[in-house]
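This is run_15.txt (compact mmCIF, C-alpha atoms).
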```
# COMPACT_ATOMS: atom_id res chain seq x y z
CA MET A 191 -28.49 -30.14 -84.58
CA ILE A 192 -29.23 -32.55 -87.44
CA ASP A 193 -27.30 -30.30 -89.87
CA GLN A 194 -24.06 -30.60 -87.91
CA GLU A 195 -21.30 -32.77 -89.37
CA PHE A 196 -20.60 -36.03 -87.56
CA HIS A 197 -17.76 -35.77 -85.03
CA ARG A 198 -15.51 -38.51 -86.41
CA ILE A 199 -16.06 -37.41 -90.01
CA LYS A 200 -14.94 -33.89 -89.06
CA ARG A 201 -11.56 -35.30 -88.04
CA LEU A 202 -10.92 -36.53 -91.59
CA PRO A 203 -9.52 -34.01 -94.08
CA PRO A 204 -10.92 -33.77 -97.63
CA TYR A 205 -9.89 -36.82 -99.66
CA VAL A 206 -6.78 -35.67 -101.52
CA PHE A 207 -7.22 -38.16 -104.34
CA ALA A 208 -10.86 -37.20 -105.02
CA GLU A 209 -10.19 -34.30 -107.40
CA VAL A 210 -7.68 -36.22 -109.51
CA ASN A 211 -9.96 -39.28 -109.57
CA ALA A 212 -12.88 -37.12 -110.71
CA MET A 213 -10.75 -35.66 -113.51
CA LYS A 214 -9.70 -39.17 -114.53
CA ALA A 215 -13.32 -40.32 -114.65
CA ARG A 216 -14.36 -37.33 -116.77
CA ALA A 217 -11.48 -37.89 -119.20
CA ARG A 218 -12.41 -41.54 -119.65
CA ALA A 219 -16.07 -40.68 -120.08
CA ALA A 220 -14.98 -38.34 -122.89
CA GLY A 221 -13.22 -41.24 -124.60
CA GLU A 222 -9.64 -40.37 -123.63
CA ASP A 223 -7.13 -43.19 -123.14
CA ILE A 224 -5.80 -42.72 -119.61
CA ILE A 225 -2.86 -44.84 -118.46
CA ASP A 226 -3.63 -45.36 -114.79
CA PHE A 227 -0.73 -45.67 -112.35
CA GLY A 228 -2.76 -44.13 -109.53
CA MET A 229 -4.00 -47.03 -107.42
CA GLY A 230 -2.01 -49.96 -106.04
CA ASN A 231 -4.44 -52.44 -107.53
CA PRO A 232 -2.81 -55.55 -109.07
CA ASP A 233 -3.92 -55.98 -112.67
CA GLN A 234 -3.11 -59.69 -113.04
CA PRO A 235 -5.48 -62.57 -112.14
CA THR A 236 -5.20 -64.62 -108.99
CA PRO A 237 -3.25 -67.85 -109.71
CA ALA A 238 -5.50 -70.59 -111.08
CA HIS A 239 -4.90 -73.15 -108.32
CA ILE A 240 -6.12 -70.66 -105.71
CA VAL A 241 -9.26 -69.85 -107.72
CA ASP A 242 -9.90 -73.57 -108.25
CA LYS A 243 -9.74 -74.19 -104.49
CA LEU A 244 -12.20 -71.34 -103.89
CA CYS A 245 -14.66 -72.87 -106.38
CA GLU A 246 -14.28 -76.32 -104.85
CA ALA A 247 -14.87 -75.02 -101.32
CA ALA A 248 -17.80 -72.85 -102.42
CA ARG A 249 -19.68 -75.92 -103.69
CA ASN A 250 -19.86 -77.25 -100.13
CA PRO A 251 -23.08 -75.89 -98.56
CA ARG A 252 -21.54 -76.12 -95.09
CA ALA A 253 -19.04 -73.45 -96.15
CA HIS A 254 -21.86 -70.96 -96.73
CA ARG A 255 -22.49 -70.40 -93.04
CA TYR A 256 -20.93 -67.73 -90.83
CA SER A 257 -17.23 -68.14 -90.20
CA THR A 258 -15.40 -67.21 -87.01
CA SER A 259 -13.89 -63.74 -86.96
CA LYS A 260 -10.51 -65.13 -85.84
CA GLY A 261 -10.09 -67.24 -88.97
CA ILE A 262 -10.39 -71.00 -89.52
CA PRO A 263 -7.72 -73.07 -87.70
CA GLY A 264 -6.17 -74.40 -90.92
CA LEU A 265 -5.57 -70.88 -92.24
CA ARG A 266 -3.95 -69.74 -88.99
CA ARG A 267 -1.72 -72.83 -89.01
CA ALA A 268 -0.74 -72.09 -92.62
CA GLN A 269 0.23 -68.52 -91.71
CA ALA A 270 2.30 -69.75 -88.78
CA ALA A 271 4.04 -72.21 -91.12
CA TYR A 272 4.74 -69.35 -93.54
CA TYR A 273 6.41 -67.32 -90.76
CA GLU A 274 8.60 -70.24 -89.75
CA ARG A 275 9.52 -71.00 -93.37
CA ARG A 276 10.17 -67.40 -94.40
CA PHE A 277 11.46 -65.73 -91.24
CA GLY A 278 12.45 -68.56 -88.92
CA VAL A 279 9.82 -67.34 -86.44
CA GLN A 280 7.65 -69.86 -84.59
CA LEU A 281 4.12 -68.66 -83.81
CA ASP A 282 1.30 -70.25 -81.84
CA PRO A 283 -1.64 -70.32 -84.30
CA GLU A 284 -4.12 -70.19 -81.43
CA THR A 285 -2.82 -67.16 -79.58
CA GLU A 286 -0.40 -65.33 -81.88
CA VAL A 287 -2.17 -65.41 -85.27
CA ILE A 288 -5.49 -63.92 -86.36
CA ALA A 289 -6.95 -63.63 -89.86
CA THR A 290 -8.09 -60.17 -90.96
CA LEU A 291 -10.03 -58.75 -93.89
CA GLY A 292 -6.79 -57.47 -95.38
CA SER A 293 -4.13 -55.68 -93.36
CA LYS A 294 -6.07 -52.40 -93.56
CA GLU A 295 -9.06 -53.71 -91.61
CA GLY A 296 -6.80 -55.29 -89.01
CA LEU A 297 -4.89 -52.05 -88.44
CA ALA A 298 -8.08 -50.02 -88.13
CA ASN A 299 -9.76 -52.41 -85.70
CA LEU A 300 -6.66 -52.73 -83.54
CA ALA A 301 -6.46 -48.93 -83.43
CA SER A 302 -9.98 -48.82 -82.00
CA ALA A 303 -9.08 -51.55 -79.50
CA ILE A 304 -6.01 -49.87 -77.99
CA THR A 305 -6.63 -46.12 -78.38
CA SER A 306 -8.29 -43.77 -75.92
CA PRO A 307 -9.25 -40.21 -76.92
CA GLY A 308 -6.16 -38.01 -76.82
CA ASP A 309 -3.63 -40.86 -76.96
CA VAL A 310 -0.48 -40.02 -78.91
CA ILE A 311 0.45 -42.36 -81.75
CA LEU A 312 3.74 -42.18 -83.67
CA SER A 313 3.52 -42.72 -87.42
CA PRO A 314 5.80 -42.11 -90.41
CA ASN A 315 5.03 -39.21 -92.73
CA PRO A 316 4.51 -39.84 -95.62
CA SER A 317 2.77 -43.16 -95.04
CA TYR A 318 -0.21 -45.22 -96.13
CA PRO A 319 -3.29 -43.27 -94.89
CA ILE A 320 -4.70 -45.96 -92.56
CA HIS A 321 -1.50 -45.84 -90.47
CA ALA A 322 -2.51 -42.42 -89.20
CA PHE A 323 -6.23 -42.16 -89.85
CA GLY A 324 -7.10 -45.47 -88.24
CA PHE A 325 -6.11 -43.80 -84.98
CA ILE A 326 -7.43 -40.32 -85.81
CA ILE A 327 -10.91 -41.74 -86.44
CA VAL A 328 -11.02 -43.18 -82.90
CA GLY A 329 -9.77 -40.00 -81.21
CA GLY A 330 -5.99 -40.43 -81.20
CA SER A 331 -3.43 -37.73 -81.95
CA ILE A 332 -0.67 -38.35 -84.47
CA ARG A 333 2.94 -37.27 -84.08
CA SER A 334 4.88 -37.69 -87.32
CA LEU A 335 8.26 -39.31 -87.75
CA PRO A 336 10.54 -39.42 -90.82
CA ALA A 337 9.61 -42.22 -93.18
CA GLU A 338 13.15 -43.39 -93.94
CA PRO A 339 14.59 -45.94 -91.48
CA GLY A 340 17.89 -44.84 -90.02
CA PRO A 341 19.52 -42.40 -87.56
CA GLU A 342 17.07 -39.53 -88.25
CA PHE A 343 14.09 -41.79 -87.56
CA LEU A 344 15.61 -43.04 -84.31
CA ALA A 345 16.52 -39.52 -83.18
CA ALA A 346 13.00 -38.30 -83.95
CA LEU A 347 11.55 -41.28 -82.09
CA ASP A 348 13.57 -40.36 -79.02
CA ARG A 349 12.49 -36.69 -79.23
CA ALA A 350 8.87 -37.68 -79.65
CA VAL A 351 8.88 -39.77 -76.50
CA ARG A 352 10.69 -37.13 -74.45
CA HIS A 353 8.46 -34.26 -75.56
CA SER A 354 5.01 -35.80 -76.02
CA VAL A 355 2.34 -35.40 -73.36
CA PRO A 356 0.86 -37.88 -72.78
CA LYS A 357 3.55 -40.43 -73.57
CA PRO A 358 3.01 -42.18 -76.93
CA VAL A 359 1.01 -45.39 -76.77
CA ALA A 360 2.05 -46.98 -80.06
CA LEU A 361 4.42 -46.71 -83.00
CA VAL A 362 3.40 -47.64 -86.54
CA ILE A 363 6.10 -48.73 -89.00
CA ASN A 364 5.82 -49.99 -92.58
CA TYR A 365 8.76 -51.57 -94.42
CA PRO A 366 8.85 -52.10 -97.35
CA SER A 367 7.00 -48.82 -97.32
CA ASN A 368 3.97 -47.61 -99.19
CA PRO A 369 4.45 -45.07 -100.76
CA THR A 370 8.22 -44.50 -100.40
CA ALA A 371 9.47 -48.08 -101.03
CA TYR A 372 11.99 -47.74 -98.19
CA VAL A 373 13.17 -51.03 -96.69
CA ALA A 374 14.46 -51.73 -93.18
CA ASP A 375 17.05 -54.22 -91.93
CA LEU A 376 17.26 -56.25 -88.73
CA ASP A 377 19.70 -53.82 -87.13
CA PHE A 378 17.13 -51.03 -87.44
CA TYR A 379 14.35 -53.26 -86.14
CA GLY A 380 16.53 -54.26 -83.21
CA GLN A 381 17.03 -50.65 -82.16
CA VAL A 382 13.31 -49.91 -82.48
CA VAL A 383 12.35 -52.95 -80.41
CA ASP A 384 14.89 -52.13 -77.68
CA PHE A 385 13.63 -48.55 -77.49
CA CYS A 386 9.94 -49.46 -77.38
CA ARG A 387 10.44 -52.21 -74.82
CA HIS A 388 12.29 -49.75 -72.61
CA HIS A 389 9.55 -47.12 -72.90
CA GLY A 390 6.52 -49.43 -72.92
CA ILE A 391 5.33 -48.55 -76.44
CA TRP A 392 3.42 -50.93 -78.68
CA ILE A 393 4.77 -51.50 -82.21
CA LEU A 394 2.42 -52.08 -85.14
CA SER A 395 4.46 -53.27 -88.11
CA ASP A 396 2.91 -53.44 -91.59
CA ILE A 397 4.79 -55.74 -94.01
CA ALA A 398 2.14 -56.08 -96.71
CA TYR A 399 4.87 -55.79 -99.40
CA SER A 400 7.39 -58.19 -97.85
CA GLU A 401 7.29 -60.53 -100.86
CA ILE A 402 7.59 -57.82 -103.54
CA TYR A 403 11.35 -57.17 -103.58
CA PHE A 404 13.87 -56.94 -106.41
CA ASP A 405 17.41 -57.22 -105.07
CA ASP A 406 17.54 -60.88 -103.88
CA ASN A 407 17.50 -59.56 -100.31
CA PRO A 408 14.14 -60.58 -98.78
CA PRO A 409 12.85 -57.95 -96.32
CA PRO A 410 12.86 -59.20 -92.72
CA SER A 411 10.14 -59.32 -90.10
CA ILE A 412 10.38 -57.36 -86.87
CA LEU A 413 9.33 -60.57 -85.09
CA GLN A 414 12.77 -61.99 -85.88
CA ILE A 415 14.18 -59.70 -83.16
CA PRO A 416 14.48 -61.39 -79.74
CA GLY A 417 11.90 -59.92 -77.38
CA ALA A 418 9.89 -58.29 -80.18
CA ARG A 419 6.74 -60.21 -79.32
CA GLU A 420 6.67 -58.48 -75.93
CA VAL A 421 5.61 -55.27 -77.72
CA ALA A 422 5.05 -55.93 -81.43
CA ILE A 423 2.30 -57.13 -83.73
CA GLU A 424 2.79 -57.49 -87.47
CA PHE A 425 0.26 -57.18 -90.29
CA THR A 426 0.57 -59.04 -93.56
CA SER A 427 -1.67 -59.31 -96.60
CA MET A 428 -2.23 -61.73 -99.46
CA SER A 429 -3.34 -58.93 -101.77
CA LYS A 430 -0.02 -58.25 -103.48
CA THR A 431 1.84 -61.53 -102.84
CA TYR A 432 -0.79 -63.66 -104.59
CA ASN A 433 -2.73 -61.08 -106.66
CA MET A 434 -5.68 -61.34 -104.25
CA PRO A 435 -6.62 -57.70 -103.50
CA GLY A 436 -10.39 -58.06 -103.83
CA TRP A 437 -10.45 -61.24 -101.76
CA ARG A 438 -9.71 -59.17 -98.62
CA ILE A 439 -7.63 -61.59 -96.60
CA GLY A 440 -4.65 -60.85 -94.38
CA PHE A 441 -3.23 -61.52 -90.92
CA ALA A 442 -2.00 -60.03 -87.69
CA CYS A 443 0.73 -61.98 -85.87
CA GLY A 444 2.77 -61.50 -82.74
CA ASN A 445 2.03 -60.13 -79.28
CA ARG A 446 -0.68 -62.22 -77.62
CA LYS A 447 -2.31 -59.30 -75.80
CA LEU A 448 -2.66 -57.30 -79.01
CA VAL A 449 -3.93 -60.34 -80.95
CA ALA A 450 -6.50 -61.00 -78.21
CA ALA A 451 -7.59 -57.33 -78.22
CA LEU A 452 -8.06 -57.41 -81.98
CA ALA A 453 -9.96 -60.69 -81.77
CA ARG A 454 -12.30 -59.28 -79.15
CA VAL A 455 -13.12 -56.17 -81.17
CA LYS A 456 -13.56 -58.20 -84.36
CA SER A 457 -15.91 -60.62 -82.60
CA TYR A 458 -18.33 -57.71 -82.14
CA LEU A 459 -17.95 -56.33 -85.66
CA ASP A 460 -17.73 -59.19 -88.16
CA TYR A 461 -17.94 -62.95 -88.71
CA GLY A 462 -14.69 -63.23 -90.64
CA ALA A 463 -14.04 -63.73 -94.33
CA PHE A 464 -16.20 -66.10 -96.38
CA THR A 465 -14.99 -69.62 -95.51
CA PRO A 466 -14.15 -70.61 -99.12
CA VAL A 467 -11.90 -67.54 -99.35
CA GLN A 468 -10.09 -68.72 -96.23
CA VAL A 469 -9.78 -72.25 -97.63
CA ALA A 470 -8.32 -70.86 -100.86
CA ALA A 471 -5.93 -68.65 -98.89
CA THR A 472 -4.78 -71.73 -96.99
CA ALA A 473 -4.09 -73.44 -100.32
CA ALA A 474 -2.11 -70.39 -101.45
CA LEU A 475 0.13 -70.42 -98.37
CA ASN A 476 0.63 -74.20 -98.33
CA GLY A 477 0.83 -74.74 -102.08
CA PRO A 478 3.45 -74.11 -104.77
CA GLN A 479 5.13 -70.72 -104.52
CA ASP A 480 6.23 -70.36 -108.15
CA CYS A 481 3.45 -67.82 -108.63
CA VAL A 482 4.98 -65.52 -105.99
CA GLU A 483 8.28 -65.41 -107.88
CA GLU A 484 6.44 -64.82 -111.16
CA ILE A 485 4.53 -61.89 -109.65
CA ARG A 486 7.77 -60.48 -108.22
CA GLN A 487 9.50 -60.71 -111.61
CA LEU A 488 6.56 -59.06 -113.36
CA TYR A 489 6.82 -55.99 -111.15
CA LYS A 490 10.61 -55.94 -111.53
CA GLU A 491 10.34 -55.93 -115.33
CA ARG A 492 7.81 -53.12 -115.24
CA ARG A 493 9.93 -51.17 -112.78
CA ASP A 494 13.00 -51.45 -115.00
CA VAL A 495 11.12 -50.32 -118.12
CA LEU A 496 9.56 -47.38 -116.28
CA ILE A 497 12.70 -46.16 -114.52
CA GLU A 498 14.89 -46.47 -117.61
CA GLY A 499 12.29 -44.64 -119.68
CA LEU A 500 11.70 -41.82 -117.20
CA GLN A 501 15.38 -41.23 -116.67
CA GLY A 502 15.83 -41.14 -120.45
CA ALA A 503 13.06 -38.54 -120.57
CA GLY A 504 14.92 -36.36 -118.06
CA TRP A 505 12.89 -37.29 -114.97
CA ASN A 506 15.29 -38.62 -112.36
CA VAL A 507 13.20 -41.16 -110.45
CA PRO A 508 15.03 -43.54 -108.08
CA SER A 509 14.60 -47.25 -108.70
CA PRO A 510 12.62 -48.80 -105.81
CA PRO A 511 14.18 -51.89 -104.18
CA ALA A 512 10.74 -53.24 -103.21
CA THR A 513 6.95 -52.75 -103.40
CA MET A 514 4.89 -52.13 -106.53
CA PHE A 515 5.45 -48.36 -106.43
CA CYS A 516 7.93 -45.75 -107.57
CA TRP A 517 8.17 -42.72 -105.29
CA ALA A 518 8.96 -40.00 -107.80
CA PRO A 519 10.21 -36.52 -106.85
CA ILE A 520 8.38 -33.87 -108.85
CA PRO A 521 10.69 -32.47 -111.56
CA PRO A 522 12.31 -29.19 -110.38
CA ALA A 523 10.45 -27.04 -112.94
CA PHE A 524 7.10 -28.20 -111.48
CA VAL A 525 7.83 -28.67 -107.78
CA HIS A 526 6.32 -25.27 -106.86
CA LEU A 527 2.93 -26.57 -108.01
CA GLY A 528 2.75 -29.30 -105.37
CA SER A 529 1.72 -32.89 -105.96
CA VAL A 530 -1.99 -32.36 -106.62
CA GLU A 531 -1.54 -29.75 -109.35
CA PHE A 532 1.34 -31.68 -110.89
CA SER A 533 -0.80 -34.84 -110.95
CA LYS A 534 -3.54 -32.90 -112.74
CA LEU A 535 -1.04 -31.68 -115.32
CA LEU A 536 0.20 -35.21 -115.97
CA LEU A 537 -3.38 -36.33 -116.42
CA THR A 538 -4.43 -33.56 -118.82
CA GLU A 539 -1.17 -33.19 -120.77
CA ALA A 540 0.32 -36.72 -120.74
CA LYS A 541 -2.85 -38.79 -120.17
CA VAL A 542 -1.13 -40.49 -117.24
CA ALA A 543 -2.75 -40.82 -113.79
CA VAL A 544 -0.58 -40.95 -110.65
CA ALA A 545 -1.28 -40.56 -106.93
CA PRO A 546 -0.44 -37.14 -105.41
CA GLY A 547 2.11 -37.50 -102.62
CA LEU A 548 0.08 -35.15 -100.42
CA GLY A 549 -2.43 -37.95 -99.98
CA PHE A 550 0.17 -39.80 -97.88
CA GLY A 551 0.97 -36.87 -95.59
CA GLU A 552 2.13 -33.28 -95.91
CA HIS A 553 5.76 -34.39 -96.18
CA GLY A 554 4.89 -36.24 -99.38
CA ASP A 555 3.80 -33.15 -101.30
CA SER A 556 7.06 -32.95 -103.27
CA HIS A 557 6.48 -36.42 -104.77
CA VAL A 558 3.96 -38.49 -106.68
CA ARG A 559 3.45 -42.25 -106.38
CA ILE A 560 3.52 -44.31 -109.56
CA GLY A 561 1.98 -47.78 -109.34
CA LEU A 562 3.42 -50.58 -111.47
CA VAL A 563 -0.06 -51.72 -112.46
CA GLU A 564 0.03 -51.44 -116.26
CA ASN A 565 1.72 -53.84 -118.67
CA LYS A 566 5.07 -53.03 -120.26
CA HIS A 567 3.49 -51.84 -123.52
CA ARG A 568 1.37 -49.33 -121.59
CA VAL A 569 4.36 -48.33 -119.47
CA ARG A 570 6.34 -47.50 -122.61
CA GLN A 571 3.39 -45.54 -123.97
CA ALA A 572 3.21 -43.58 -120.71
CA VAL A 573 6.92 -42.83 -120.88
CA ARG A 574 6.54 -41.45 -124.43
CA ASN A 575 3.65 -39.25 -123.31
CA ILE A 576 5.58 -37.99 -120.27
CA LYS A 577 8.69 -37.30 -122.36
CA MET A 578 6.67 -35.12 -124.72
CA PHE A 579 5.03 -33.38 -121.76
CA LEU A 580 8.37 -32.61 -120.12
CA SER A 581 9.95 -31.39 -123.37
CA ASN A 582 7.20 -28.75 -123.67
CA TYR A 583 7.20 -27.78 -120.00
CA ASP A 584 7.63 -24.03 -120.65
CA LYS A 585 4.41 -23.87 -122.63
CA VAL A 586 2.65 -26.27 -120.26
CA LEU A 587 3.54 -24.14 -117.24
CA GLU A 588 2.52 -20.95 -119.00
CA ASP A 589 -0.87 -22.41 -119.94
CA SER A 590 -1.29 -23.80 -116.44
CA GLU A 591 -0.59 -20.41 -114.83
CA LYS A 592 -3.08 -18.74 -117.17
CA LYS A 593 -5.78 -21.24 -116.23
CA ARG A 594 -5.11 -20.80 -112.51
CA ALA A 595 -5.17 -17.00 -112.87
CA SER A 596 -8.49 -17.06 -114.74
CA ALA A 597 -9.96 -19.41 -112.13
CA THR A 598 -9.21 -16.90 -109.36
```
Show me the file's structure as structure tokens.
Amino acid sequence: MIDQEFHRIKRLPPYVFAEVNAMKARARAAGEDIIDFGMGNPDQPTPAHIVDKLCEAARNPRAHRYSTSKGIPGLRRAQAAYYERRFGVQLDPETEVIATLGSKEGLANLASAITSPGDVILSPNPSYPIHAFGFIIVGGSIRSLPAEPGPEFLAALDRAVRHSVPKPVALVINYPSNPTAYVADLDFYGQVVDFCRHHGIWILSDIAYSEIYFDDNPPPSILQIPGAREVAIEFTSMSKTYNMPGWRIGFACGNRKLVAALARVKSYLDYGAFTPVQVAATAALNGPQDCVEEIRQLYKERRDVLIEGLQGAGWNVPSPPATMFCWAPIPPAFVHLGSVEFSKLLLTEAKVAVAPGLGFGEHGDSHVRIGLVENKHRVRQAVRNIKMFLSNYDKVLEDSEKKRASAT
């Protein structure tokens, strides 16, 4: 009995990124210079005024005690003010806003709050892993939808509701999307809200990348749609907007019943983020926003250098309108390998690490995700390496096939 694998762990597939990450670690241990585009981990420091506020708050001994899991009132008021300023949406900080330890934790804990074993959840494929596995871990069943917002998504949503038994409980959406960088407009959100209100389906919207956009067209919030708060909750994060990934601070906003459910689960599981982190996050939301524009422009510059370079090297990668990722179709000569093997080739032959698309769902296996997390000098170096790799693809493929044949 003790040798059996734990039930919830058995529901999780092998970690797709593990093999590539292990190869990356071995290469670095051997002294190789690996340009790492694999993880969406901002490489720039948190703005100084936010760090200064953290230090100031941390010197107060009263701030060293447990915090409330819902978040300090000032932080929830600051998030509500952000929604009104950015989206024109008025939120009640007491009942419609809750602080989370990043959007990921909030999504996972809400999944455990609203899911019974066997419940059907609708989620895009490919998508950020927690969107599906937060529900799989607690016994839900996932039905996949297309990732791109538009008529095909809406048609698939309708089919899923008509043909799923039991009826779906919740729909997860994520725009701007990780990993695909798709963006949605208010017309699309309006149709999704109308449909889910009619069928009694909760909507969990993840807009962690809402401030990383490049076309002067800020992505909207689903809560801007009249009636959305009857069925929708929205998750945001300070990780990318303010270069605060390790601080682990985010929010869930919207439907009062869902916010209350999340608050109740969190009250059993944690005491909330360290109070000085919450104070600093409040200062970030209420303070000068120049840093947000600077961060946005940094990613735009890197995107432009990368896309121009890759296209010049013969790799036709679309330019993302938002997020800190490029969703790159595997070049035709290599597509038969799949995303994991192609990622390994890039690592060994070009010294460039990317994330295999398979890690975001089976429908992502024809792509790799490239994170804009290296400076422009390193991006140009990566482009040169990739160009050389692609120009020798016949020999690279031949050597790769020989290695695979000898391994079997």
Next item on the list: Figure out the distance between CA of Gly547 (chain A) and CA of Asp348 (chain A), please, to one decimal in Å.
Entry: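 CA of Gly547 (chain A) lies at a distance of 26.4 Å from CA of Asp348 (chain A).
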Residues of region 323-429 of chain A within 12 Å of region 484-491 of chain A: nearest atom pair and distance (Å, one decimal) for each, counting all atoms listed in the file, sorted by chain and number, as a Markdown table?
```
| residue | atom | partner | partner_atom | distance |
| --- | --- | --- | --- | --- |
| A:Tyr399 | CA | A:Arg486 | CA | 10.4 |
| A:Ser400 | CA | A:Arg486 | CA | 10.6 |
| A:Glu401 | CA | A:Arg486 | CA | 7.4 |
| A:Ile402 | CA | A:Arg486 | CA | 5.4 |
| A:Tyr403 | CA | A:Arg486 | CA | 6.7 |
| A:Phe404 | CA | A:Lys490 | CA | 6.2 |
| A:Asp405 | CA | A:Lys490 | CA | 9.5 |
| A:Asp406 | CA | A:Arg486 | CA | 10.7 |
| A:Pro408 | CA | A:Arg486 | CA | 11.4 |
| A:Ser429 | CA | A:Ile485 | CA | 11.5 |
```
Atoms to include: C-alpha atoms. Write the selected residues as a CSV table (one decimal), in the coordinates of the input.
```csv
chain,number,residue,atom,x,y,z
A,399,TYR,CA,4.9,-55.8,-99.4
A,400,SER,CA,7.4,-58.2,-97.8
A,401,GLU,CA,7.3,-60.5,-100.9
A,402,ILE,CA,7.6,-57.8,-103.5
A,403,TYR,CA,11.4,-57.2,-103.6
A,404,PHE,CA,13.9,-56.9,-106.4
A,405,ASP,CA,17.4,-57.2,-105.1
A,406,ASP,CA,17.5,-60.9,-103.9
A,408,PRO,CA,14.1,-60.6,-98.8
A,429,SER,CA,-3.3,-58.9,-101.8
```
Next item on the list: Take CA of Pro519 (chain A) and CA of Pro546 (chain A) and report the distance between them in Å, one decimal.
Entry: 10.8 Å
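With all atoms listed in the file as the atoms that count, the residue of A:Pro358, A:Gly261, A:Pro510, A:Gly324 with the shortest distance to Asp309 (chain A) is A:Pro358.
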Notebook entry, point to check: So what do you get for CA of Glu284 (chain A) versus CA of Ala451 (chain A), distance-wise?
Noted result: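 Separating CA of Glu284 (chain A) from CA of Ala451 (chain A) is a distance of 13.7 Å.
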If you count only C-alpha atoms, which residues fall within 8 Å of region 365-380 of chain A, apart from same-chain ones fewer than 4 positions away, as a PDB file with C-alpha atoms, in the coordinates of the input?
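Contents of around.pdb, as written:
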```
ATOM      1  CA  PRO A 316       4.510 -39.840 -95.620  1.00  0.00           C
ATOM      2  CA  SER A 317       2.770 -43.160 -95.040  1.00  0.00           C
ATOM      3  CA  TYR A 318      -0.210 -45.220 -96.130  1.00  0.00           C
ATOM      4  CA  ALA A 337       9.610 -42.220 -93.180  1.00  0.00           C
ATOM      5  CA  GLU A 338      13.150 -43.390 -93.940  1.00  0.00           C
ATOM      6  CA  PRO A 339      14.590 -45.940 -91.480  1.00  0.00           C
ATOM      7  CA  GLY A 340      17.890 -44.840 -90.020  1.00  0.00           C
ATOM      8  CA  ASP A 384      14.890 -52.130 -77.680  1.00  0.00           C
ATOM      9  CA  SER A 395       4.460 -53.270 -88.110  1.00  0.00           C
ATOM     10  CA  ASP A 396       2.910 -53.440 -91.590  1.00  0.00           C
ATOM     11  CA  ILE A 397       4.790 -55.740 -94.010  1.00  0.00           C
ATOM     12  CA  ALA A 398       2.140 -56.080 -96.710  1.00  0.00           C
ATOM     13  CA  TYR A 399       4.870 -55.790 -99.400  1.00  0.00           C
ATOM     14  CA  SER A 400       7.390 -58.190 -97.850  1.00  0.00           C
ATOM     15  CA  PRO A 409      12.850 -57.950 -96.320  1.00  0.00           C
ATOM     16  CA  PRO A 410      12.860 -59.200 -92.720  1.00  0.00           C
ATOM     17  CA  SER A 411      10.140 -59.320 -90.100  1.00  0.00           C
ATOM     18  CA  ILE A 412      10.380 -57.360 -86.870  1.00  0.00           C
ATOM     19  CA  GLN A 414      12.770 -61.990 -85.880  1.00  0.00           C
ATOM     20  CA  ILE A 415      14.180 -59.700 -83.160  1.00  0.00           C
ATOM     21  CA  PRO A 510      12.620 -48.800-105.810  1.00  0.00           C
ATOM     22  CA  PRO A 511      14.180 -51.890-104.180  1.00  0.00           C
ATOM     23  CA  ALA A 512      10.740 -53.240-103.210  1.00  0.00           C
ATOM     24  CA  THR A 513       6.950 -52.750-103.400  1.00  0.00           C
ATOM     25  CA  PHE A 515       5.450 -48.360-106.430  1.00  0.00           C
ATOM     26  CA  CYS A 516       7.930 -45.750-107.570  1.00  0.00           C
ATOM     27  CA  TRP A 517       8.170 -42.720-105.290  1.00  0.00           C
ATOM     28  CA  PHE A 550       0.170 -39.800 -97.880  1.00  0.00           C
ATOM     29  CA  ARG A 559       3.450 -42.250-106.380  1.00  0.00           C
TER      30      ARG A 559
END
```
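In this comparison, which uses all atoms listed in the file, the residue of A:Val455, A:Ala322, A:Arg493, A:His526 approaching Arg201 (chain A) most closely is A:Ala322.
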Would you be able to write out as a JSON list (two decimals) with C-alpha atoms, in the frame of the given file which residues have an atom within 9 Å of (-6.7, -72.1, -88.7) in the file's coordinates, counting all atoms listed in the file?
```
[["chain", "number", "residue", "atom", "x", "y", "z"],
["A", 260, "LYS", "CA", -10.51, -65.13, -85.84],
["A", 261, "GLY", "CA", -10.09, -67.24, -88.97],
["A", 262, "ILE", "CA", -10.39, -71.00, -89.52],
["A", 263, "PRO", "CA", -7.72, -73.07, -87.70],
["A", 264, "GLY", "CA", -6.17, -74.40, -90.92],
["A", 265, "LEU", "CA", -5.57, -70.88, -92.24],
["A", 266, "ARG", "CA", -3.95, -69.74, -88.99],
["A", 267, "ARG", "CA", -1.72, -72.83, -89.01],
["A", 268, "ALA", "CA", -0.74, -72.09, -92.62],
["A", 269, "GLN", "CA", 0.23, -68.52, -91.71],
["A", 283, "PRO", "CA", -1.64, -70.32, -84.30],
["A", 284, "GLU", "CA", -4.12, -70.19, -81.43],
["A", 287, "VAL", "CA", -2.17, -65.41, -85.27],
["A", 288, "ILE", "CA", -5.49, -63.92, -86.36],
["A", 289, "ALA", "CA", -6.95, -63.63, -89.86],
["A", 468, "GLN", "CA", -10.09, -68.72, -96.23],
["A", 472, "THR", "CA", -4.78, -71.73, -96.99]]
```
Next item on the list: Starting from the point (0.1, -36.4, -84.8), work out which residues of protein, DNA or RNA have an atom no more than 10 Å away when counting only C-alpha atoms; state them as a list of chain:residue names.
Entry: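 Residues lying no farther than 10 Å from the given point: A:Asp309, A:Val310, A:Ile311, A:Leu312, A:Ser313, A:Pro314, A:Asn315, A:Ala322, A:Phe323, A:Phe325, A:Ile326, A:Gly330, A:Ser331, A:Ile332, A:Arg333, A:Ser334, A:Leu335.
Every protein or nucleic acid residue with an atom no more than 6 Å from Phe425 (chain A), counting only C-alpha atoms and leaving out same-chain residues fewer than 3 positions away, appears here: Ser293, Asp396, Phe441 and Ala442 of chain A.
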